[in-house]
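Text of model_12.txt, listed as compact mmCIF, C-alpha atoms:
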```txt
# COMPACT_ATOMS: atom_id res chain seq x y z
CA MET A 298 80.68 -11.23 -80.91
CA SER A 299 82.00 -13.76 -83.37
CA VAL A 300 85.40 -15.35 -83.29
CA ASP A 301 86.84 -17.24 -86.21
CA ARG A 302 90.46 -18.23 -85.88
CA SER A 303 92.67 -20.71 -87.60
CA GLU A 304 96.26 -21.39 -86.67
CA ALA A 305 98.75 -23.77 -88.19
CA ALA A 306 102.24 -24.73 -87.13
CA THR A 307 104.66 -26.28 -89.55
CA GLY A 308 107.33 -28.87 -88.87
CA ALA A 309 110.93 -28.81 -90.06
CA ALA A 310 109.96 -30.38 -93.38
CA GLY A 311 107.29 -27.72 -93.94
CA GLU A 312 104.45 -30.15 -93.16
CA GLU A 313 101.44 -28.96 -91.24
CA ALA A 314 101.91 -30.15 -87.67
CA LEU A 315 98.91 -28.59 -85.89
CA THR A 316 95.65 -26.96 -86.92
CA ALA A 317 93.25 -25.41 -84.42
CA GLU A 318 89.93 -23.84 -85.36
CA THR A 319 87.60 -22.05 -82.99
CA ALA A 320 84.26 -20.71 -84.13
CA VAL A 321 81.65 -19.19 -81.84
CA ARG A 322 78.10 -19.37 -83.19
CA THR A 323 75.98 -16.26 -82.65
CA PHE A 324 72.22 -15.79 -82.58
CA ALA A 325 70.11 -12.80 -83.63
CA VAL A 326 68.27 -10.70 -81.07
CA ALA A 327 64.63 -10.01 -81.99
CA PRO A 328 64.37 -7.34 -84.69
CA GLY A 329 63.41 -3.85 -83.60
CA VAL A 330 64.18 -4.60 -79.96
CA ARG A 331 66.83 -3.33 -77.56
CA VAL A 332 67.53 -6.09 -75.03
CA ASN A 333 68.63 -5.69 -71.43
CA VAL A 334 71.74 -7.66 -70.46
CA ARG A 335 71.57 -8.57 -66.78
CA SER A 336 74.06 -9.72 -64.16
CA GLY A 337 72.10 -12.91 -63.54
CA PRO A 338 69.28 -15.07 -64.96
CA GLY A 339 66.31 -12.96 -63.98
CA THR A 340 64.59 -9.60 -64.13
CA ASN A 341 65.53 -8.97 -60.51
CA TYR A 342 69.24 -8.75 -61.46
CA ASN A 343 70.91 -5.45 -62.35
CA ILE A 344 71.02 -4.28 -65.96
CA ILE A 345 74.67 -4.25 -67.05
CA ARG A 346 74.14 -2.88 -70.56
CA VAL A 347 71.56 -2.75 -73.34
CA LEU A 348 72.05 -4.50 -76.67
CA PRO A 349 71.22 -2.28 -79.65
CA GLU A 350 68.75 -3.33 -82.35
CA GLY A 351 70.22 -5.84 -84.79
CA SER A 352 72.63 -7.38 -82.27
CA ARG A 353 73.87 -10.95 -82.38
CA VAL A 354 74.98 -12.81 -79.26
CA PRO A 355 76.91 -15.99 -78.52
CA ILE A 356 75.33 -18.47 -76.11
CA PHE A 357 77.97 -20.11 -73.93
CA CYS A 358 75.48 -21.88 -71.66
CA GLN A 359 71.86 -21.61 -70.53
CA THR A 360 70.17 -21.67 -67.15
CA PRO A 361 66.64 -21.39 -65.73
CA GLY A 362 65.53 -18.12 -64.16
CA THR A 363 62.66 -15.64 -64.18
CA THR A 364 59.92 -16.45 -66.71
CA VAL A 365 59.75 -13.80 -69.45
CA THR A 366 57.43 -13.30 -72.42
CA GLY A 367 58.99 -11.84 -75.56
CA PRO A 368 58.91 -12.03 -79.36
CA TYR A 369 59.98 -15.70 -79.30
CA GLY A 370 57.50 -16.92 -76.70
CA THR A 371 57.36 -17.34 -72.95
CA THR A 372 60.32 -19.04 -71.29
CA ASN A 373 62.35 -19.27 -68.11
CA ILE A 374 65.57 -20.00 -70.07
CA TRP A 375 68.32 -17.40 -69.80
CA ASP A 376 71.32 -17.30 -72.14
CA ASN A 377 74.82 -16.62 -70.83
CA VAL A 378 76.26 -14.27 -73.48
CA ASN A 379 79.44 -13.31 -71.65
CA ASN A 380 81.02 -13.86 -68.26
CA GLY A 381 78.30 -12.88 -65.76
CA GLU A 382 75.97 -11.52 -68.48
CA TYR A 383 72.53 -12.97 -69.26
CA VAL A 384 69.64 -12.24 -71.62
CA SER A 385 66.22 -13.88 -71.69
CA ASP A 386 65.95 -16.54 -74.39
CA ALA A 387 62.53 -15.04 -75.21
CA TYR A 388 64.44 -12.30 -77.09
CA VAL A 389 67.01 -14.48 -78.88
CA HIS A 390 66.21 -16.40 -82.07
CA THR A 391 67.66 -19.86 -81.42
CA GLY A 392 65.15 -21.79 -83.52
CA SER A 393 64.09 -23.83 -80.47
CA ASP A 394 61.74 -23.52 -77.51
CA GLY A 395 64.17 -25.53 -75.38
CA TYR A 396 67.83 -25.62 -74.43
CA ILE A 397 70.30 -25.39 -77.33
CA ALA A 398 73.45 -25.17 -75.18
CA SER A 399 74.69 -26.89 -72.06
CA ARG A 400 73.40 -25.82 -68.65
CA CYS A 401 75.54 -23.25 -66.86
CA ALA A 402 77.48 -24.67 -63.93
```

What would you get if you wrote out this structure as structure tokens?
Amino acid sequence: MSVDRSEAATGAAGEEALTAETAVRTFAVAPGVRVNVRSGPGTNYNIIRVLPEGSRVPIFCQTPGTTVTGPYGTTNIWDNVNNGEYVSDAYVHTGSDGYIASRCA
């Protein structure tokens, strides 16, 4: 999911009064892999859906959970990719072995 949006409001004289830009960065899921999306940060949580091969996901926040080994190493970091939806960071190419987003509240 990627969102790119730009809005501008103009004043009476036609000048730009407001510009808002929102861009959500997405990260690639390991190639050739279908990844389980779970209801919480661990393998003991229910599978909500499965991401198809070639998917990209946003990371809104990250939290510790079950340790998982995958294509990108062994980690206990879980990525929040949607409201109440988590994937193991071991399957997401973030370019880092650590946190790249804020901790989930």

Pick the closest to Pro368 in chain A from A:Val389, A:Val384, A:Val354, A:Cys401: which is it, counting only C-alpha atoms? A:Val389

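Taking CA of Arg322 in chain A and CA of Asn343 in chain A as the two end points, the separation is 26.1 Å.
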
Name the residues, using the chain letters and numbers of the file, that sit within 12 Å of (72.8, -7.9, -65.5) when counting only C-alpha atoms, and give them as a VMD selection string. chain A and resid 332 to 348 375 to 385

With C-alpha atoms retained, write the just-selected residues as a CSV table (one decimal), in the coordinates of the input.
```
chain,number,residue,atom,x,y,z
A,332,VAL,CA,67.5,-6.1,-75.0
A,333,ASN,CA,68.6,-5.7,-71.4
A,334,VAL,CA,71.7,-7.7,-70.5
A,335,ARG,CA,71.6,-8.6,-66.8
A,336,SER,CA,74.1,-9.7,-64.2
A,337,GLY,CA,72.1,-12.9,-63.5
A,338,PRO,CA,69.3,-15.1,-65.0
A,339,GLY,CA,66.3,-13.0,-64.0
A,340,THR,CA,64.6,-9.6,-64.1
A,341,ASN,CA,65.5,-9.0,-60.5
A,342,TYR,CA,69.2,-8.8,-61.5
A,343,ASN,CA,70.9,-5.4,-62.4
A,344,ILE,CA,71.0,-4.3,-66.0
A,345,ILE,CA,74.7,-4.2,-67.0
A,346,ARG,CA,74.1,-2.9,-70.6
A,347,VAL,CA,71.6,-2.8,-73.3
A,348,LEU,CA,72.0,-4.5,-76.7
A,375,TRP,CA,68.3,-17.4,-69.8
A,376,ASP,CA,71.3,-17.3,-72.1
A,377,ASN,CA,74.8,-16.6,-70.8
A,378,VAL,CA,76.3,-14.3,-73.5
A,379,ASN,CA,79.4,-13.3,-71.6
A,380,ASN,CA,81.0,-13.9,-68.3
A,381,GLY,CA,78.3,-12.9,-65.8
A,382,GLU,CA,76.0,-11.5,-68.5
A,383,TYR,CA,72.5,-13.0,-69.3
A,384,VAL,CA,69.6,-12.2,-71.6
A,385,SER,CA,66.2,-13.9,-71.7
```

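Atom to atom, CA of Thr364 in chain A and CA of Gly351 in chain A stand 23.4 Å apart.
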
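CA of Thr366 in chain A to CA of Gly392 in chain A spans 16.0 Å [interatomic distance, one decimal].
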
N, CA and C atoms are what I want for range 357-375 of chain A; can you complete it accordingly and write them as a compact mmCIF listing (two decimals), keeping the file's coordinate frame?
```txt
# COMPACT_ATOMS: atom_id res chain seq x y z
N PHE A 357 76.97 -19.21 -74.48
CA PHE A 357 77.97 -20.11 -73.93
C PHE A 357 77.35 -21.22 -73.10
N CYS A 358 76.24 -20.90 -72.42
CA CYS A 358 75.48 -21.88 -71.66
C CYS A 358 74.13 -21.27 -71.37
N GLN A 359 73.20 -22.09 -70.85
CA GLN A 359 71.86 -21.61 -70.53
C GLN A 359 71.46 -22.10 -69.15
N THR A 360 70.59 -21.33 -68.50
CA THR A 360 70.17 -21.67 -67.15
C THR A 360 68.73 -21.21 -66.92
N PRO A 361 68.00 -21.86 -66.03
CA PRO A 361 66.64 -21.39 -65.73
C PRO A 361 66.67 -20.15 -64.84
N GLY A 362 65.64 -19.33 -64.97
CA GLY A 362 65.53 -18.12 -64.16
C GLY A 362 64.11 -17.60 -64.23
N THR A 363 63.96 -16.29 -64.13
CA THR A 363 62.66 -15.64 -64.18
C THR A 363 61.97 -15.94 -65.52
N THR A 364 60.68 -16.23 -65.49
CA THR A 364 59.92 -16.45 -66.71
C THR A 364 59.62 -15.10 -67.38
N VAL A 365 59.91 -15.03 -68.68
CA VAL A 365 59.75 -13.80 -69.45
C VAL A 365 58.99 -14.11 -70.73
N THR A 366 58.12 -13.19 -71.14
CA THR A 366 57.43 -13.30 -72.42
C THR A 366 58.02 -12.27 -73.37
N GLY A 367 58.40 -12.73 -74.56
CA GLY A 367 58.99 -11.84 -75.56
C GLY A 367 58.58 -12.26 -76.95
N PRO A 368 59.26 -11.73 -77.96
CA PRO A 368 58.91 -12.03 -79.36
C PRO A 368 58.99 -13.52 -79.71
N TYR A 369 59.81 -14.27 -78.99
CA TYR A 369 59.98 -15.70 -79.30
C TYR A 369 59.32 -16.60 -78.27
N GLY A 370 58.28 -16.09 -77.61
CA GLY A 370 57.50 -16.92 -76.70
C GLY A 370 57.72 -16.59 -75.24
N THR A 371 57.21 -17.47 -74.40
CA THR A 371 57.36 -17.34 -72.95
C THR A 371 58.29 -18.44 -72.48
N THR A 372 59.32 -18.07 -71.73
CA THR A 372 60.32 -19.04 -71.29
C THR A 372 60.98 -18.60 -69.99
N ASN A 373 61.55 -19.58 -69.30
CA ASN A 373 62.35 -19.27 -68.11
C ASN A 373 63.84 -19.52 -68.42
N ILE A 374 64.17 -19.75 -69.69
CA ILE A 374 65.57 -20.00 -70.07
C ILE A 374 66.29 -18.66 -70.25
N TRP A 375 67.46 -18.58 -69.66
CA TRP A 375 68.32 -17.40 -69.80
C TRP A 375 69.64 -17.82 -70.43
```
